[in-house]
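Undergrad: So here's structure22.tsv (TSV, C-alpha atoms).
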chain	number	residue	atom	x	y	z
Q	6	MET	CA	58.77	-16.42	-8.28
Q	7	THR	CA	58.12	-20.17	-8.12
Q	8	GLU	CA	55.28	-21.58	-6.05
Q	9	LYS	CA	56.52	-23.12	-2.78
Q	10	ILE	CA	54.45	-26.31	-2.71
Q	11	PRO	CA	55.23	-28.70	0.18
Q	12	GLU	CA	56.25	-32.15	-1.03
Q	13	ALA	CA	56.58	-34.02	2.27
Q	14	ASN	CA	55.17	-34.00	5.82
Q	15	ILE	CA	57.68	-34.11	8.67
Q	16	GLY	CA	56.50	-34.58	12.23
Q	17	LEU	CA	58.04	-33.10	15.35
Q	18	VAL	CA	57.55	-35.44	18.30
Q	19	GLY	CA	58.94	-35.84	21.80
Q	20	HIS	CA	58.32	-35.23	25.48
Q	21	VAL	CA	56.42	-32.16	26.66
Q	22	ASP	CA	58.54	-28.99	26.84
Q	23	HIS	CA	61.49	-30.44	24.94
Q	24	GLY	CA	61.21	-27.66	22.34
Q	25	LYS	CA	59.08	-28.91	19.42
Q	26	THR	CA	57.15	-25.68	18.98
Q	27	THR	CA	60.26	-23.54	19.48
Q	28	LEU	CA	62.10	-25.55	16.83
Q	29	THR	CA	59.15	-25.17	14.46
Q	30	LYS	CA	59.40	-21.41	14.91
Q	31	ALA	CA	63.18	-21.46	14.36
Q	32	LEU	CA	62.68	-23.32	11.08
Q	33	SER	CA	59.57	-21.58	9.78
Q	34	GLY	CA	59.17	-18.30	11.62
Q	35	LYS	CA	55.69	-19.45	12.65
Q	36	TRP	CA	54.49	-20.08	16.20
Q	37	THR	CA	52.14	-23.06	15.87
Q	38	ASP	CA	50.48	-22.82	19.33
Q	39	GLU	CA	47.53	-20.72	18.17
Q	40	HIS	CA	44.76	-22.38	20.18
Q	41	SER	CA	43.86	-20.26	23.23
Q	42	GLU	CA	44.28	-23.10	25.72
Q	43	GLU	CA	47.72	-23.84	24.26
Q	44	LEU	CA	48.85	-20.27	24.82
Q	45	LYS	CA	47.49	-20.37	28.37
Q	46	LYS	CA	49.10	-23.67	29.34
Q	47	GLY	CA	52.27	-23.42	27.27
Q	48	ILE	CA	51.80	-26.86	25.70
Q	49	THR	CA	50.61	-28.05	22.31
Q	50	ILE	CA	47.09	-29.50	22.48
Q	51	LYS	CA	46.07	-29.72	18.83
Q	52	LEU	CA	48.28	-30.52	15.89
Q	53	GLY	CA	50.13	-27.44	14.65
Q	54	TYR	CA	51.29	-26.90	11.07
Q	55	ALA	CA	53.92	-24.77	9.41
Q	56	ASP	CA	55.65	-24.92	6.04
Q	57	ILE	CA	59.38	-24.34	5.55
Q	58	THR	CA	61.41	-23.82	2.40
Q	59	TYR	CA	65.13	-24.37	2.62
Q	60	TYR	CA	67.83	-23.25	0.22
Q	61	ARG	CA	71.36	-24.33	-0.81
Q	62	ASP	CA	73.93	-21.55	-0.98
Q	63	ASN	CA	77.16	-21.21	-2.99
Q	64	GLN	CA	79.10	-23.10	-0.31
Q	65	ASP	CA	76.67	-26.05	-0.64
Q	66	ASN	CA	75.14	-25.35	2.79
Q	67	LEU	CA	71.41	-25.46	3.53
Q	68	ASN	CA	69.58	-22.57	5.18
Q	69	VAL	CA	66.08	-21.13	5.69
Q	70	ASP	CA	67.20	-17.54	4.98
Q	71	GLU	CA	66.36	-17.58	1.23
Q	72	ASN	CA	70.08	-17.54	0.55
Q	73	GLY	CA	70.84	-19.53	-2.61
Q	74	GLU	CA	68.74	-21.82	-4.77
Q	75	GLU	CA	65.50	-23.29	-3.48
Q	76	GLU	CA	66.05	-26.93	-2.46
Q	77	ARG	CA	62.72	-28.17	-1.06
Q	78	THR	CA	59.53	-27.12	0.73
Q	79	VAL	CA	58.11	-29.38	3.44
Q	80	SER	CA	55.25	-29.23	5.92
Q	81	LEU	CA	56.04	-29.54	9.64
Q	82	VAL	CA	53.49	-31.26	11.89
Q	83	ASP	CA	54.00	-30.20	15.52
Q	84	ALA	CA	52.49	-32.99	17.65
Q	85	PRO	CA	51.52	-32.65	21.34
Q	86	GLY	CA	53.97	-33.98	23.92
Q	87	HIS	CA	51.64	-34.12	26.92
Q	88	GLU	CA	50.82	-37.65	28.09
Q	89	THR	CA	47.03	-37.22	27.89
Q	90	LEU	CA	47.15	-36.22	24.21
Q	91	MET	CA	48.48	-39.43	22.69
Q	92	ALA	CA	45.51	-39.85	20.33
Q	93	ASN	CA	46.42	-36.51	18.72
Q	94	VAL	CA	50.00	-37.69	18.25
Q	95	LEU	CA	48.76	-40.82	16.49
Q	96	SER	CA	46.52	-38.68	14.26
Q	97	GLY	CA	49.53	-36.59	13.27
Q	98	ALA	CA	51.74	-39.63	12.72
Q	99	ALA	CA	49.23	-40.95	10.19
Q	100	ILE	CA	50.12	-38.11	7.79
Q	101	MET	CA	53.89	-38.01	8.42
Q	102	ASP	CA	56.49	-39.12	5.86
Q	103	GLY	CA	59.23	-38.88	8.47
Q	104	ALA	CA	59.84	-37.45	11.90
Q	105	ILE	CA	62.16	-35.31	13.99
Q	106	LEU	CA	62.37	-36.71	17.54
Q	107	LEU	CA	63.35	-34.05	20.05
Q	108	VAL	CA	65.28	-34.90	23.23
Q	109	ALA	CA	66.22	-32.17	25.70
Q	110	ALA	CA	69.91	-32.29	26.69
Q	111	ASP	CA	69.14	-30.92	30.18
Q	112	GLU	CA	66.95	-33.91	31.18
Q	113	GLU	CA	67.64	-37.62	31.50
Q	114	CYS	CA	66.75	-39.64	28.39
Q	115	PRO	CA	64.29	-41.18	27.83
Q	116	GLN	CA	61.42	-39.27	29.40
Q	117	PRO	CA	58.00	-41.05	29.46
Q	118	GLN	CA	56.55	-39.48	26.30
Q	119	THR	CA	59.87	-39.84	24.46
Q	120	ARG	CA	59.35	-43.59	24.82
Q	121	GLU	CA	55.68	-43.43	23.86
Q	122	HIS	CA	56.17	-41.20	20.82
Q	123	LEU	CA	58.93	-43.42	19.46
Q	124	ALA	CA	56.64	-46.42	19.96
Q	125	ALA	CA	53.90	-44.54	18.07
Q	126	LEU	CA	56.24	-43.92	15.11
Q	127	ASP	CA	57.07	-47.62	15.07
Q	128	ILE	CA	53.40	-48.62	15.19
Q	129	ILE	CA	52.36	-46.24	12.40
Q	130	GLY	CA	55.31	-47.44	10.32
Q	131	ILE	CA	57.57	-44.37	10.23
Q	132	ASP	CA	61.28	-45.18	10.12
Q	133	ASN	CA	62.75	-42.05	8.47
Q	134	ILE	CA	63.84	-40.30	11.65
Q	135	VAL	CA	66.25	-37.54	12.68
Q	136	ILE	CA	66.96	-37.04	16.40
Q	137	VAL	CA	67.47	-33.50	17.67
Q	138	GLN	CA	69.40	-33.12	20.91
Q	139	ASN	CA	67.91	-29.77	21.91
Q	140	LYS	CA	68.79	-27.19	24.60
Q	141	ILE	CA	72.54	-27.74	24.35
Q	142	ASP	CA	72.92	-24.10	25.43
Q	143	LEU	CA	71.67	-25.03	28.93
Q	144	VAL	CA	74.29	-27.66	29.77
Q	145	ASP	CA	78.06	-28.14	29.71
Q	146	LYS	CA	80.05	-30.29	27.28
Q	147	GLN	CA	80.21	-33.28	29.64
Q	148	GLN	CA	76.43	-33.35	30.10
Q	149	VAL	CA	75.91	-33.14	26.32
Q	150	LYS	CA	78.11	-36.23	25.90
Q	151	GLU	CA	76.31	-38.12	28.68
Q	152	ASN	CA	72.92	-37.24	27.22
Q	153	TYR	CA	74.10	-38.37	23.77
Q	154	LYS	CA	75.09	-41.76	25.22
Q	155	GLN	CA	71.63	-42.06	26.85
Q	156	ILE	CA	69.98	-41.32	23.48
Q	157	LYS	CA	72.03	-44.01	21.71
Q	158	ASP	CA	71.31	-46.57	24.45
Q	159	PHE	CA	67.59	-45.74	24.36
Q	160	THR	CA	67.23	-46.03	20.58
Q	161	GLU	CA	69.23	-49.26	20.24
Q	162	GLY	CA	67.00	-51.93	18.71
Q	163	THR	CA	64.29	-49.41	17.69
Q	164	VAL	CA	63.33	-47.82	14.36
Q	165	ALA	CA	65.55	-44.87	15.37
Q	166	GLU	CA	68.67	-46.96	16.06
Q	167	ASP	CA	70.60	-45.59	13.08
Q	168	ALA	CA	69.07	-42.11	13.11
Q	169	PRO	CA	71.59	-39.24	13.23
Q	170	VAL	CA	71.68	-37.20	16.46
Q	171	ILE	CA	72.02	-33.45	15.77
Q	172	PRO	CA	72.88	-31.13	18.72
Q	173	VAL	CA	70.79	-27.96	18.46
Q	174	SER	CA	69.69	-24.89	20.39
Q	175	ALA	CA	66.27	-24.11	18.95
Q	176	GLN	CA	65.95	-21.07	21.22
Q	177	HIS	CA	69.11	-19.49	19.76
Q	178	GLU	CA	68.79	-21.12	16.31
Q	179	VAL	CA	72.17	-22.85	16.62
Q	180	ASN	CA	73.14	-25.70	14.26
Q	181	ILE	CA	69.97	-25.40	12.18
Q	182	ASP	CA	72.02	-25.88	9.00
Q	183	ALA	CA	73.26	-29.29	10.20
Q	184	LEU	CA	69.69	-30.27	11.06
Q	185	LEU	CA	68.49	-29.32	7.56
Q	186	GLU	CA	71.25	-31.45	5.98
Q	187	ALA	CA	70.18	-34.45	8.10
Q	188	VAL	CA	66.51	-33.94	7.25
Q	189	ASP	CA	67.30	-33.62	3.54
Q	190	GLU	CA	69.29	-36.86	3.58
Q	191	GLU	CA	67.23	-38.99	5.99
Q	192	ILE	CA	63.66	-37.97	5.06
Q	193	PRO	CA	63.38	-38.03	1.26
Q	194	THR	CA	60.21	-37.16	-0.61
Q	195	PRO	CA	58.37	-40.48	-1.15
Q	196	GLU	CA	56.86	-41.72	-4.39
Q	197	ARG	CA	53.25	-40.53	-4.75
Q	198	ASP	CA	50.17	-42.09	-6.33
Q	199	SER	CA	48.47	-39.32	-8.30
Q	200	ASP	CA	46.45	-41.59	-10.59
Q	201	SER	CA	44.05	-43.26	-8.13
Q	202	ASP	CA	40.80	-41.77	-6.83
Q	203	PRO	CA	41.69	-39.08	-4.27
Q	204	LYS	CA	41.76	-39.91	-0.58
Q	205	MET	CA	42.45	-37.13	1.93
Q	206	LEU	CA	42.93	-37.64	5.66
Q	207	ALA	CA	41.34	-34.71	7.50
Q	208	ALA	CA	43.43	-33.76	10.54
Q	209	ARG	CA	41.85	-30.33	11.21
Q	210	SER	CA	38.80	-28.33	10.14
Q	211	PHE	CA	38.28	-24.59	10.44
Q	212	ASP	CA	36.01	-21.59	10.17
Q	213	ILE	CA	38.35	-18.97	8.69
Q	214	ASN	CA	35.84	-16.10	8.80
Q	215	LYS	CA	36.45	-13.21	11.16
Q	216	PRO	CA	33.61	-12.17	13.51
Q	217	GLY	CA	31.27	-9.72	11.82
Q	218	THR	CA	31.98	-10.91	8.25
Q	219	ALA	CA	29.03	-10.04	6.00
Q	220	PRO	CA	27.11	-13.11	4.76
Q	221	GLU	CA	27.93	-12.38	1.12
Q	222	ASN	CA	31.65	-12.36	1.98
Q	223	THR	CA	31.63	-15.52	4.07
Q	224	SER	CA	34.05	-18.30	3.11
Q	225	GLY	CA	32.93	-21.91	3.30
Q	226	GLY	CA	34.24	-24.39	5.85
Q	227	VAL	CA	37.87	-25.48	5.42
Q	228	ILE	CA	39.27	-29.01	5.77
Q	229	GLY	CA	42.99	-29.34	6.54
Q	230	GLY	CA	45.03	-32.48	6.10
Q	231	SER	CA	46.98	-34.51	3.58
Q	232	LEU	CA	46.15	-36.21	0.30
Q	233	VAL	CA	47.52	-39.73	0.56
Q	234	ARG	CA	46.67	-40.50	-3.07
Q	235	GLY	CA	44.99	-38.97	-6.12
Q	236	GLU	CA	44.32	-35.33	-6.96
Q	237	LEU	CA	41.59	-32.79	-6.13
Q	238	GLU	CA	40.36	-29.82	-8.16
Q	239	PRO	CA	37.94	-26.94	-7.53
Q	240	GLY	CA	34.46	-28.03	-8.57
Q	241	ASP	CA	34.94	-31.65	-7.45
Q	242	LYS	CA	31.88	-33.12	-5.71
Q	243	VAL	CA	33.24	-34.74	-2.57
Q	244	GLU	CA	32.10	-36.62	0.53
Q	245	LEU	CA	33.44	-36.81	4.06
Q	246	ARG	CA	33.02	-40.13	5.88
Q	247	PRO	CA	32.02	-41.20	8.46
Q	248	GLY	CA	30.63	-37.65	8.45
Q	249	ARG	CA	28.99	-36.27	11.56
Q	250	LYS	CA	26.65	-37.48	14.27
Q	251	THR	CA	22.99	-36.52	13.95
Q	252	GLY	CA	20.44	-35.87	16.69
Q	253	ASP	CA	19.18	-39.46	16.61
Q	254	GLY	CA	22.67	-40.83	17.26
Q	255	LYS	CA	23.33	-41.94	13.68
Q	256	TRP	CA	26.23	-40.84	11.47
Q	257	ASP	CA	25.57	-39.14	8.14
Q	258	THR	CA	28.00	-38.74	5.26
Q	259	VAL	CA	28.72	-35.06	4.58
Q	260	GLU	CA	28.50	-33.99	0.92
Q	261	THR	CA	30.04	-30.79	-0.39
Q	262	GLU	CA	31.99	-29.22	-3.27
Q	263	VAL	CA	35.59	-28.06	-3.46
Q	264	LYS	CA	35.73	-24.27	-3.89
Q	265	SER	CA	39.49	-23.70	-3.70
Q	266	ILE	CA	42.68	-25.47	-2.61
Q	267	ILE	CA	45.60	-23.94	-0.76
Q	268	HIS	CA	48.86	-25.89	-0.80
Q	269	GLY	CA	51.43	-24.24	1.41
Q	270	ASP	CA	50.68	-20.52	1.09
Q	271	THR	CA	49.59	-20.83	-2.53
Q	272	VAL	CA	46.13	-21.18	-4.07
Q	273	VAL	CA	46.57	-23.99	-6.59
Q	274	GLU	CA	44.57	-25.31	-9.54
Q	275	LYS	CA	45.03	-28.87	-8.37
Q	276	GLY	CA	45.74	-30.48	-4.99
Q	277	LYS	CA	48.33	-33.25	-5.16
Q	278	PRO	CA	49.77	-35.76	-2.66
Q	279	GLY	CA	52.63	-34.52	-0.53
Q	280	GLY	CA	52.69	-31.82	2.10
Q	281	LEU	CA	49.65	-30.44	3.86
Q	282	LEU	CA	46.81	-28.66	2.14
Q	283	ALA	CA	43.63	-26.79	3.00
Q	284	VAL	CA	40.43	-27.40	1.04
Q	285	GLU	CA	37.78	-24.67	1.10
Q	286	THR	CA	34.33	-26.19	0.64
Q	287	THR	CA	30.75	-25.00	0.26
Q	288	LEU	CA	29.94	-26.24	3.78
Q	289	ASP	CA	28.47	-24.00	6.45
Q	290	PRO	CA	31.61	-22.93	8.38
Q	291	ALA	CA	29.77	-23.65	11.63
Q	292	MET	CA	30.09	-27.34	10.71
Q	293	THR	CA	33.88	-27.20	10.36
Q	294	LYS	CA	34.85	-24.88	13.21
Q	295	SER	CA	36.82	-26.22	16.18
Q	296	ASP	CA	37.88	-29.35	14.27
Q	297	GLY	CA	34.27	-30.47	13.92
Q	298	LEU	CA	35.10	-32.68	10.92
Q	299	ALA	CA	38.65	-33.72	11.87
Q	300	GLY	CA	39.22	-37.47	11.61
Q	301	ASN	CA	37.11	-37.85	8.46
Q	302	VAL	CA	38.23	-39.19	5.11
Q	303	LEU	CA	37.52	-36.90	2.12
Q	304	GLY	CA	37.18	-38.16	-1.43
Q	305	LEU	CA	35.12	-38.01	-4.60
Q	306	LYS	CA	31.46	-38.82	-4.18
Q	307	SER	CA	30.87	-42.59	-4.02
Q	308	LYS	CA	34.59	-43.29	-4.55
Q	309	ILE	CA	35.89	-43.53	-1.00
Q	310	PRO	CA	35.75	-46.50	1.39
Q	311	GLU	CA	32.45	-47.44	3.01
Q	312	VAL	CA	31.79	-46.73	6.67
Q	313	SER	CA	32.10	-49.67	9.08
Q	314	THR	CA	31.04	-50.30	12.68
Q	315	GLU	CA	32.67	-53.75	12.92
Q	316	LEU	CA	36.18	-54.81	12.06
Q	317	GLN	CA	38.56	-57.72	12.33
Q	318	MET	CA	42.28	-57.08	12.68
Q	319	LYS	CA	45.47	-59.07	13.04
Q	320	VAL	CA	47.08	-57.83	16.26
Q	321	ASP	CA	50.69	-57.40	17.35
Q	322	LEU	CA	51.05	-56.26	20.97
Q	323	MET	CA	54.12	-54.63	22.51
Q	324	ASP	CA	55.92	-56.56	25.25
Q	325	ARG	CA	55.80	-53.85	27.89
Q	326	LEU	CA	53.95	-50.62	28.59
Q	327	VAL	CA	55.67	-47.43	27.42
Q	328	GLY	CA	55.13	-43.81	28.34
Q	329	SER	CA	55.31	-44.14	32.13
Q	330	ASP	CA	57.69	-45.09	34.89
Q	331	GLU	CA	55.84	-48.38	35.33
Q	332	ASP	CA	57.61	-51.41	33.92
Q	333	LYS	CA	54.42	-53.34	33.25
Q	334	GLN	CA	53.92	-56.30	30.96
Q	335	ILE	CA	51.09	-55.95	28.45
Q	336	GLU	CA	48.42	-58.59	28.86
Q	337	ASN	CA	46.64	-60.22	25.94
Q	338	ILE	CA	43.43	-58.62	24.66
Q	339	LYS	CA	40.37	-60.17	26.27
Q	340	GLU	CA	36.85	-60.70	25.02
Q	341	HIS	CA	34.39	-57.94	26.05
Q	342	GLU	CA	37.14	-55.46	27.01
Q	343	ALA	CA	37.04	-51.86	25.75
Q	344	LEU	CA	39.76	-50.60	23.41
Q	345	MET	CA	40.47	-47.35	21.57
Q	346	ILE	CA	41.76	-47.51	17.99
Q	347	ASN	CA	43.30	-44.95	15.66
Q	348	ILE	CA	43.05	-45.43	11.89
Q	349	GLY	CA	44.50	-42.62	9.79
Q	350	THR	CA	43.44	-39.41	11.50
Q	351	GLY	CA	40.24	-40.99	12.84
Q	352	LYS	CA	39.68	-42.64	16.19
Q	353	SER	CA	36.99	-44.80	17.75
Q	354	ALA	CA	36.36	-46.88	20.84
Q	355	GLY	CA	34.59	-50.19	21.00
Q	356	ARG	CA	34.13	-53.56	22.60
Q	357	VAL	CA	36.04	-56.74	21.73
Q	358	THR	CA	33.66	-59.45	20.49
Q	359	GLN	CA	36.37	-62.00	19.72
Q	360	ALA	CA	39.91	-62.18	21.11
Q	361	GLY	CA	42.98	-64.03	19.90
Q	362	LYS	CA	45.56	-63.36	17.18
Q	363	ASN	CA	42.70	-61.93	15.09
Q	364	VAL	CA	40.61	-59.53	17.17
Q	365	GLU	CA	37.06	-58.55	16.26
Q	366	MET	CA	35.43	-55.34	17.55
Q	367	ASP	CA	32.10	-53.55	17.59
Q	368	LEU	CA	32.74	-49.80	17.33
Q	369	LYS	CA	30.85	-46.92	18.96
Q	370	VAL	CA	32.00	-44.47	16.30
Q	371	PRO	CA	32.06	-45.76	12.69
Q	372	VAL	CA	35.32	-45.64	10.75
Q	373	CYS	CA	36.08	-45.04	7.09
Q	374	ALA	CA	38.85	-47.54	6.43
Q	375	GLU	CA	40.14	-50.19	4.04
Q	376	THR	CA	41.46	-53.72	4.34
Q	377	GLY	CA	45.18	-53.54	5.03
Q	378	ASP	CA	45.02	-50.22	6.90
Q	379	ARG	CA	47.25	-49.99	9.96
Q	380	VAL	CA	45.57	-49.58	13.35
Q	381	ALA	CA	47.04	-48.23	16.60
Q	382	ILE	CA	45.51	-49.92	19.66
Q	383	SER	CA	45.16	-48.40	23.14
Q	384	ARG	CA	43.79	-49.80	26.40
Q	385	GLN	CA	42.46	-47.85	29.37
Q	386	ILE	CA	44.94	-48.23	32.22
Q	387	GLY	CA	44.16	-46.14	35.26
Q	388	SER	CA	42.65	-42.84	34.12
Q	389	ARG	CA	43.95	-42.75	30.55
Q	390	TRP	CA	44.26	-44.66	27.30
Q	391	ARG	CA	47.69	-46.24	26.88
Q	392	LEU	CA	49.26	-47.48	23.66
Q	393	ILE	CA	49.60	-51.28	23.71
Q	394	GLY	CA	50.21	-52.32	20.10
Q	395	HIS	CA	49.05	-52.22	16.52
Q	396	GLY	CA	46.97	-54.18	14.10
Q	397	GLU	CA	46.19	-54.59	10.40
Q	398	ILE	CA	42.60	-54.61	9.22
Q	399	LYS	CA	41.65	-58.02	7.77
Q	400	SER	CA	37.94	-57.35	7.17
Q	401	LEU	CA	35.23	-54.69	7.73
Q	402	GLU	CA	31.45	-54.80	8.04
Once you've parsed the file, please lay out its structure as structure tokens.
TA:
Amino acid sequence: MTEKIPEANIGLVGHVDHGKTTLTKALSGKWTDEHSEELKKGITIKLGYADITYYRDNQDNLNVDENGEEERTVSLVDAPGHETLMANVLSGAAIMDGAILLVAADEECPQPQTREHLAALDIIGIDNIVIVQNKIDLVDKQQVKENYKQIKDFTEGTVAEDAPVIPVSAQHEVNIDALLEAVDEEIPTPERDSDSDPKMLAARSFDINKPGTAPENTSGGVIGGSLVRGELEPGDKVELRPGRKTGDGKWDTVETEVKSIIHGDTVVEKGKPGGLLAVETTLDPAMTKSDGLAGNVLGLKSKIPEVSTELQMKVDLMDRLVGSDEDKQIENIKEHEALMINIGTGKSAGRVTQAGKNVEMDLKVPVCAETGDRVAISRQIGSRWRLIGHGEIKSLE
């Protein structure tokens, strides 16, 4: 039996309760809402992950039923749809090679977070998109057609303008084969850089030990995320930056060793770019539980970017606010105002020290980043941070 190693990351994005988690289950058999608060509230709070392998049968159709020859294995990233969880969506988008945008056929399109999530894909630079028109089982044929027209009007002039629209019932697993064909065609596996020093974006971190595990049987802390370049092997001495905050308010790099690597459901000899992987380390699992090290960059000791508390970025703001019913123009960034930024899976807030086309910031939380990295920029409007544009890092200090 061949190892099913994921070769691409595909995000599921869209408005709350439009069926992202249900579709993930239809494709993978896995329910990704495993966090207790998620089960209680019925929404996705943290990023969920599941791997799917799809097959091509004798009639040249794709399926997830292990019928035919194995075609491809991919990792699904189920991003939160709730409006207050936009930073988590941006973290997930940073490790996506393409995206499935869900739109519920029984609601008017676009809903507020449908707009905001599509804007996030644009800002992060993702243009390999498939649109799923979900919940077609809840409406009649005329409403499906009207909803389709709304989708096409909404996506005109966006990165999703030419994306195929696939009608689906995730609840009843209807038209999943057509969705797989669209994903296979529209979201190809990208070229990977396996020769450079490894750089892994940590999106989650875990303690995988069950309560009562004997000390001698305890597994080290686990880092989950995606290798954007290079390769990792057991025995590698690695660092996580910016690390974690100490009692005196400073941030210390975390040093550890790779014990094992799980890619998909398989323990592998070498972690490679593409798909999501889990890296077991020698860290105390108390340090990694509850996403304690999420947002870090992992790489070989002394071979990952330095940590910075100041940055300069070239900024491109959106014309109008998205993600709400307000039709509000976005004002220019001002000196001394507070902004939140997302770089890779990390986030920080800080104060603007110089405004203009190039914006300079002092950051409260240091970032591990490189010149040229893409930055998502949010401003506090009312009680929450709202996406207003993106930037490209010009310099770091």
Undergrad: Q:Asp127, Q:Asp289, Q:Asp189, Q:Glu315: which is nearest Ile393 of chain Q, counting only C-alpha atoms?
TA: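 Ranked by minimum distance to Ile393 of chain Q, first place goes to Q:Asp127.
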Undergrad: Go ahead and fit an axis-aligned box to every listed atom of segment 278-289 of chain Q plus 4 Å each side, and pass me the centre and edge lengths in Å, one decimal, as lines of an AutoDock Vina configuration file.
TA:
center_x = 40.6
center_y = -29.9
center_z = 1.9
size_x = 32.2
size_y = 19.8
size_z = 17.1
Undergrad: Could you jot down the atom CA of Val137 of chain Q to atom CA of Leu107 of chain Q separation for me, Å, one decimal place?
TA: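 Those two atoms sit 4.8 Å apart.
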Undergrad: For a test of reading the model, state the distance in Å between atom CA of Gln385 of chain Q and atom CA of Pro115 of chain Q, rounded to one decimal.
TA: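 Straight-line distance from atom CA of Gln385 of chain Q to atom CA of Pro115 of chain Q works out to 22.9 Å.
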Undergrad: Counting only C-alpha atoms, which residues have an atom no more than 9 Å from (45.7, -37.8, -6.2) in the file's coordinates? Please list them as a PyMOL selection string.
TA: chain Q and resi 197-205+232-237+276-278
Undergrad: Leaving out segment 248-263 of chain Q and any residue of its chain fewer than 6 positions from it, which residues lie within 8 Å of it when counting all atoms listed in the file, given as a PyMOL selection string?
TA: chain Q and resi 238-242+284-288+298+301+306+371
Undergrad: Would you work out the distance separating atom CA of Ala219 of chain Q from atom CA of Ala291 of chain Q, expressed in Å to one decimal?
TA: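 Atom-to-atom, atom CA of Ala219 of chain Q and atom CA of Ala291 of chain Q are spaced 14.7 Å apart.
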Undergrad: Taking only C-alpha atoms into account, name the residue in Q:Asp321, Q:Asp56, Q:Asp296, Q:Asp111 that is nearest to Thr350 of chain Q.
TA: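 The answer is Q:Asp296, which sits nearest to Thr350 of chain Q.
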